[in-house]
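Quick notes on the structure that follows.
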Amino acid sequence: MFGVDLRQVVAGILTLAMFVMLIHMIKRDHFDAVQDKLPGVTDEVSFESGKFDGTHVRKNLGLYKGDADELKACWVKPSDMGVQSEGYVTFSLTNGPEYHISQIADAVIVARSLGATLVIPDIRGSQPGDKRNFEDIYDLDVFMRSMEGVVAVVKNLPDQISTKNIAVVKVPNRVTEDYIATHVEPIYRSKGNIRLATYFPSINMRKAGKKGDTDSVACLAMFGSLELQPEIRDLVDSMVERLKTLSRKTDGQFIAVDLRVEMLDKKGCRPDNDGEKSCYNAQEIAVFLRKIGFNKDTTIYVTESRWDSSLDSLKDLFPKTYTKEAIMPADKKTKFLDSQDSELEKVIDFYISSQSDVFVPAISGLLYANVAGKRIGAGKTQILVPADIQDSSASASNFLSPYVSKKNHFAYSLKTFEEAGNKNGFQFMYSCKSMDVNISYN
């Protein structure tokens with residue numbers, strides 16, 4: 001009979017044991033909860049009124065997990081745009097990409113409601129004379145194609161129309177059909193052409209209670225019409241890849257934190273009468289992230305353009321913390337960073353924050369709200385809102401943005417495309433595969 005070599009048996013057993021141990025190591029979460037108690041802040045906080053709801057997230061998802069499948073909306077354009085009038089609607093994009101998304105949506109809704117032709121907007125910065133063409137930042141062809149069958153679009157006003165004779169009409173963000181009929185249409189019918197200026201009475205990206213054509217058009221405009229032009233898109237992609245390369249110890253995953261020192265200085269970051277805060281400084285963000293389980297190997301991108309000494313407390317706990325200055329390719333800095341062009345810097349921040357594995361808004365506002373919308377649409381639902389944590393550690397799932405935990409962001413209205421479309425002349429076809437996010441309109 002065949003003899004058995006004892007050494008081969010032992011080697012086989014050891015190999016099997018090592019294989020089993022490797023499987024268990026792979027299954028472990030990437031980060032262990034922090035055990036040591038860290039100094040924290042003492043204010044009870046909330047970004048949206050009320051305490052945060054605990055969200056049932058499976059423990060084995062890990063700190064970077066929780067992403068759902070991308071919301072996929074496919075639509076067949078309507079057969080016609082209704083009765084078209086002779087007039088034009090003009091407007092400008094201002095104050096950065098978080099505002100651009102909302103301004104585009106309002107302009108498209110108004111133009112479609114009036115049967116007017118929409119003129120491609122210019123883009124204006126915060127400084128006098130800071131003006132550029134739409135295609136300097138966004139892909140014009142993509143926008144034009146997205147609007148086909150929705151609203152008529154031209155690049156420029158006809159030469160015979162003077163901009164001096166166009167009436168300026170202010171409209172609130174999330175403008176409604178009723179508001180347009182009452183406050184906008186009479187001026188448009190009288191003057192023939194209007195220039196829109198969107199104002200923001202409040203930051204409200206929660207779903208409306210009423211479904212309809214307006215929601216469908218707004219969703220398309222906000223999440224399906226604006227894409228970066230190739231040069232800026234390639235720059236953002238290269239910076240994201242750089243951050244992933246720096247995150248080898250976390251499987252290429254990184255956090256984006258919207259933390260701008262100038263904004264923090266303006267807000268003061270003090271609690272209101274209810275003990276709630278609308279922003280957090282670098283030390284508070286560092287403590288928050290450590291207490292929910294992120295360790296020193298975590299890579300963090302902050303939206304502050306250049307290093308500021310106030311960020312040192314964040315880097316003390318997370319040495320791999322970077323600004324644009326540190327990760328932007330050297331040959332791009334002159335144009336996109338050294339030029340002091342804040343508009344381009346805002347665009348970079350917005351889109352990196354939309355693509356990161358985790359997003360943490362240190363500042364509550366429209367950037368938080370519209371980045372959340374972009375992320376929800378892409379299935380990147382790991383959005384963690386900071387808070388004071390009295391204990392030495394806590395579960396990250398307790399700090400999911402209410403936009404996600406309550407599924408009340410306007411982006412979830414994508415599901416209403418088919419319902420609203422069939423009712424209002426659109427023929428939308430919608431498909432959605434969802435695992436961790438159950439999309440509904442409640």
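Note on naming: chains are A, B, ... as they come in the structure tokens, residues start from 1 per chain, ligands start from 1 in the order shown.
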
Sorted by chain and rising residue number, which residues of segment 320-350 of chain A lie within 9 Å of segment 221-235 of chain A, and what are their closest atom pairs and distances in Å to one decimal, counting only C-alpha atoms, as a Markdown table?
| residue | atom | partner | partner_atom | distance |
| --- | --- | --- | --- | --- |
| A:Met328 | CA | A:Leu235 | CA | 7.9 |
| A:Pro329 | CA | A:Leu235 | CA | 8.1 |
| A:Lys332 | CA | A:Leu235 | CA | 8.0 |
| A:Leu344 | CA | A:Ile232 | CA | 8.7 |
| A:Val347 | CA | A:Ile232 | CA | 8.6 |
| A:Ile348 | CA | A:Ile232 | CA | 7.9 |

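Residue nearest Gly125 of chain A, chosen from A:Asp237, A:Arg306, A:Ser92, A:Ile161 and counting only C-alpha atoms: A:Ser92.
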
Strand (DSSP E) call set, DSSP backbone run, segment 172-412 of chain A, as a PyMOL selection string: chain A and resi 172+193-199+254-258+299-302+321-322+358-361

Can those selected residues be exported to a file as a PDB file, in the first residue's frame so that it contains N, CA and C atoms?
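Once everything was written out, this is out22.pdb:
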ATOM      1  N   PRO A 172     -38.581  82.268  -6.350  1.00  0.00           N
ATOM      2  CA  PRO A 172     -38.000  81.480  -5.254  1.00  0.00           C
ATOM      3  C   PRO A 172     -37.511  80.127  -5.760  1.00  0.00           C
ATOM      4  N   ASN A 193     -40.222  89.090 -22.990  1.00  0.00           N
ATOM      5  CA  ASN A 193     -38.998  88.376 -22.602  1.00  0.00           C
ATOM      6  C   ASN A 193     -38.718  88.697 -21.137  1.00  0.00           C
ATOM      7  N   ILE A 194     -38.115  87.757 -20.420  1.00  0.00           N
ATOM      8  CA  ILE A 194     -37.795  88.016 -19.009  1.00  0.00           C
ATOM      9  C   ILE A 194     -36.405  87.483 -18.676  1.00  0.00           C
ATOM     10  N   ARG A 195     -35.853  88.060 -17.641  1.00  0.00           N
ATOM     11  CA  ARG A 195     -34.591  87.561 -17.083  1.00  0.00           C
ATOM     12  C   ARG A 195     -34.868  87.088 -15.662  1.00  0.00           C
ATOM     13  N   LEU A 196     -34.563  85.841 -15.382  1.00  0.00           N
ATOM     14  CA  LEU A 196     -34.834  85.260 -14.069  1.00  0.00           C
ATOM     15  C   LEU A 196     -33.676  85.491 -13.104  1.00  0.00           C
ATOM     16  N   ALA A 197     -34.045  85.698 -11.857  1.00  0.00           N
ATOM     17  CA  ALA A 197     -33.070  85.728 -10.756  1.00  0.00           C
ATOM     18  C   ALA A 197     -33.652  84.875  -9.635  1.00  0.00           C
ATOM     19  N   THR A 198     -33.020  83.732  -9.373  1.00  0.00           N
ATOM     20  CA  THR A 198     -33.514  82.831  -8.333  1.00  0.00           C
ATOM     21  C   THR A 198     -33.018  83.290  -6.972  1.00  0.00           C
ATOM     22  N   TYR A 199     -33.915  83.368  -6.005  1.00  0.00           N
ATOM     23  CA  TYR A 199     -33.486  83.628  -4.634  1.00  0.00           C
ATOM     24  C   TYR A 199     -33.843  82.425  -3.767  1.00  0.00           C
ATOM     25  N   PHE A 254     -11.932  56.914   0.501  1.00  0.00           N
ATOM     26  CA  PHE A 254     -11.575  58.144   1.208  1.00  0.00           C
ATOM     27  C   PHE A 254     -12.818  58.931   1.586  1.00  0.00           C
ATOM     28  N   ILE A 255     -12.618  59.894   2.485  1.00  0.00           N
ATOM     29  CA  ILE A 255     -13.690  60.765   2.981  1.00  0.00           C
ATOM     30  C   ILE A 255     -13.487  62.164   2.397  1.00  0.00           C
ATOM     31  N   ALA A 256     -14.572  62.810   1.999  1.00  0.00           N
ATOM     32  CA  ALA A 256     -14.534  64.230   1.655  1.00  0.00           C
ATOM     33  C   ALA A 256     -15.258  65.003   2.744  1.00  0.00           C
ATOM     34  N   VAL A 257     -14.611  66.039   3.260  1.00  0.00           N
ATOM     35  CA  VAL A 257     -15.205  66.880   4.303  1.00  0.00           C
ATOM     36  C   VAL A 257     -15.329  68.299   3.763  1.00  0.00           C
ATOM     37  N   ASP A 258     -16.550  68.804   3.722  1.00  0.00           N
ATOM     38  CA  ASP A 258     -16.750  70.195   3.313  1.00  0.00           C
ATOM     39  C   ASP A 258     -16.452  71.080   4.514  1.00  0.00           C
ATOM     40  N   THR A 299      -7.905  58.409   4.737  1.00  0.00           N
ATOM     41  CA  THR A 299      -7.563  59.539   3.874  1.00  0.00           C
ATOM     42  C   THR A 299      -8.744  60.509   3.836  1.00  0.00           C
ATOM     43  N   ILE A 300      -8.445  61.803   4.056  1.00  0.00           N
ATOM     44  CA  ILE A 300      -9.483  62.831   4.108  1.00  0.00           C
ATOM     45  C   ILE A 300      -9.153  63.954   3.124  1.00  0.00           C
ATOM     46  N   TYR A 301     -10.125  64.320   2.336  1.00  0.00           N
ATOM     47  CA  TYR A 301     -10.028  65.492   1.471  1.00  0.00           C
ATOM     48  C   TYR A 301     -10.883  66.599   2.080  1.00  0.00           C
ATOM     49  N   VAL A 302     -10.297  67.768   2.288  1.00  0.00           N
ATOM     50  CA  VAL A 302     -11.058  68.904   2.808  1.00  0.00           C
ATOM     51  C   VAL A 302     -11.183  69.965   1.728  1.00  0.00           C
ATOM     52  N   THR A 321      -4.548  63.878   5.617  1.00  0.00           N
ATOM     53  CA  THR A 321      -5.554  64.889   5.311  1.00  0.00           C
ATOM     54  C   THR A 321      -4.970  65.830   4.260  1.00  0.00           C
ATOM     55  N   TYR A 322      -5.735  66.078   3.193  1.00  0.00           N
ATOM     56  CA  TYR A 322      -5.201  66.822   2.050  1.00  0.00           C
ATOM     57  C   TYR A 322      -6.173  67.913   1.594  1.00  0.00           C
ATOM     58  N   VAL A 358     -17.246  58.516   1.378  1.00  0.00           N
ATOM     59  CA  VAL A 358     -18.028  59.066   2.492  1.00  0.00           C
ATOM     60  C   VAL A 358     -17.988  60.580   2.371  1.00  0.00           C
ATOM     61  N   PHE A 359     -19.111  61.224   2.629  1.00  0.00           N
ATOM     62  CA  PHE A 359     -19.162  62.685   2.621  1.00  0.00           C
ATOM     63  C   PHE A 359     -19.594  63.179   3.993  1.00  0.00           C
ATOM     64  N   VAL A 360     -18.832  64.136   4.538  1.00  0.00           N
ATOM     65  CA  VAL A 360     -19.141  64.717   5.843  1.00  0.00           C
ATOM     66  C   VAL A 360     -19.246  66.229   5.682  1.00  0.00           C
ATOM     67  N   PRO A 361     -20.433  66.807   5.799  1.00  0.00           N
ATOM     68  CA  PRO A 361     -20.586  68.252   5.688  1.00  0.00           C
ATOM     69  C   PRO A 361     -20.329  68.936   7.026  1.00  0.00           C
TER      70      PRO A 361
END

Given only C-alpha atoms as the counted atoms, nearest of A:Tyr403, A:Asp136, A:Asp297, A:Phe410 to Arg248 of chain A: A:Asp297

Would you mind writing down, as a ChimeraX atom specification, each residue of segment 56-233 of chain A that DSSP on the backbone assigns to helix (DSSP H, G or I)? /A:59-61,97-114,134-136,140-146,163-165,177-191,213-224,230-233

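Reported to one decimal place, the separation of atom CA of Lys191 of chain A from atom CA of Ser113 of chain A is 16.3 Å.
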
Near-Thr117 of chain A list (6 Å; only C-alpha atoms; drop same-chain fewer than 6 positions) as a list of chain:residue names: A:Tyr88, A:Ala152, A:Val153

Using only C-alpha atoms: which of A:Thr298, A:Ser126, A:Thr94, A:Asn133 has the shortest distance to Phe318 of chain A: A:Thr298

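The closest residue to His183 of chain A, picked from A:Ser339, A:Leu114, A:Ser202, A:Thr303 and counting only C-alpha atoms, is A:Leu114.
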
Residues near Gly252 of chain A, cut-off 10 Å, only C-alpha atoms, skip fewer than 3 positions along chain, as an NGL selection string: :A and (240-249 or 298-299 or 357)

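Nearest to Asn370 of chain A of all the residues A:Glu276, A:Glu345, A:Glu135, A:Glu98 is A:Glu98, based on only C-alpha atoms.
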
I'd like the contact shell of Val154 of chain A - 10 Å cut-off, only C-alpha atoms, skipping same-chain residues fewer than 4 positions apart - returned as a list of chain:residue names. A:Tyr88, A:Thr117, A:Leu118, A:Val119, A:Ile120, A:Pro121, A:Met144, A:Pro158

Store the residues picked out above, limited to N, CA and C atoms, as a tab-separated table (two decimals), in the first residue's frame.
chain	number	residue	atom	x	y	z
A	88	TYR	N	-38.41	84.81	-24.79
A	88	TYR	CA	-37.20	84.14	-24.30
A	88	TYR	C	-37.07	84.32	-22.79
A	117	THR	N	-38.57	80.11	-24.98
A	117	THR	CA	-37.27	79.55	-25.36
A	117	THR	C	-36.24	79.93	-24.31
A	118	LEU	N	-35.49	78.96	-23.85
A	118	LEU	CA	-34.47	79.18	-22.81
A	118	LEU	C	-33.14	79.54	-23.47
A	119	VAL	N	-32.52	80.60	-23.00
A	119	VAL	CA	-31.22	81.01	-23.50
A	119	VAL	C	-30.13	80.45	-22.60
A	120	ILE	N	-29.11	79.82	-23.20
A	120	ILE	CA	-28.01	79.26	-22.41
A	120	ILE	C	-27.43	80.34	-21.50
A	121	PRO	N	-27.30	80.06	-20.20
A	121	PRO	CA	-26.84	81.10	-19.27
A	121	PRO	C	-25.33	81.31	-19.34
A	144	MET	N	-27.72	70.58	-24.06
A	144	MET	CA	-28.65	70.76	-25.17
A	144	MET	C	-29.42	69.48	-25.46
A	158	PRO	N	-31.52	86.55	-29.96
A	158	PRO	CA	-31.45	87.17	-31.29
A	158	PRO	C	-30.91	88.59	-31.19

Give me the residues near Ser102 of chain A as a list of chain:residue names, where near means some atom within 8 Å (using only C-alpha atoms) and where sequence neighbours in that chain fewer than 3 positions away do not count. A:Glu98, A:Tyr99, A:Ala105, A:Asp106, A:Asn173, A:Arg174, A:Met222

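Distance-wise, atom CA of Thr214 of chain A and atom CA of Ile383 of chain A end up 27.0 Å apart.
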
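Across the model, the gap from atom CA of Ser353 of chain A to atom CA of Val371 of chain A is 6.8 Å.
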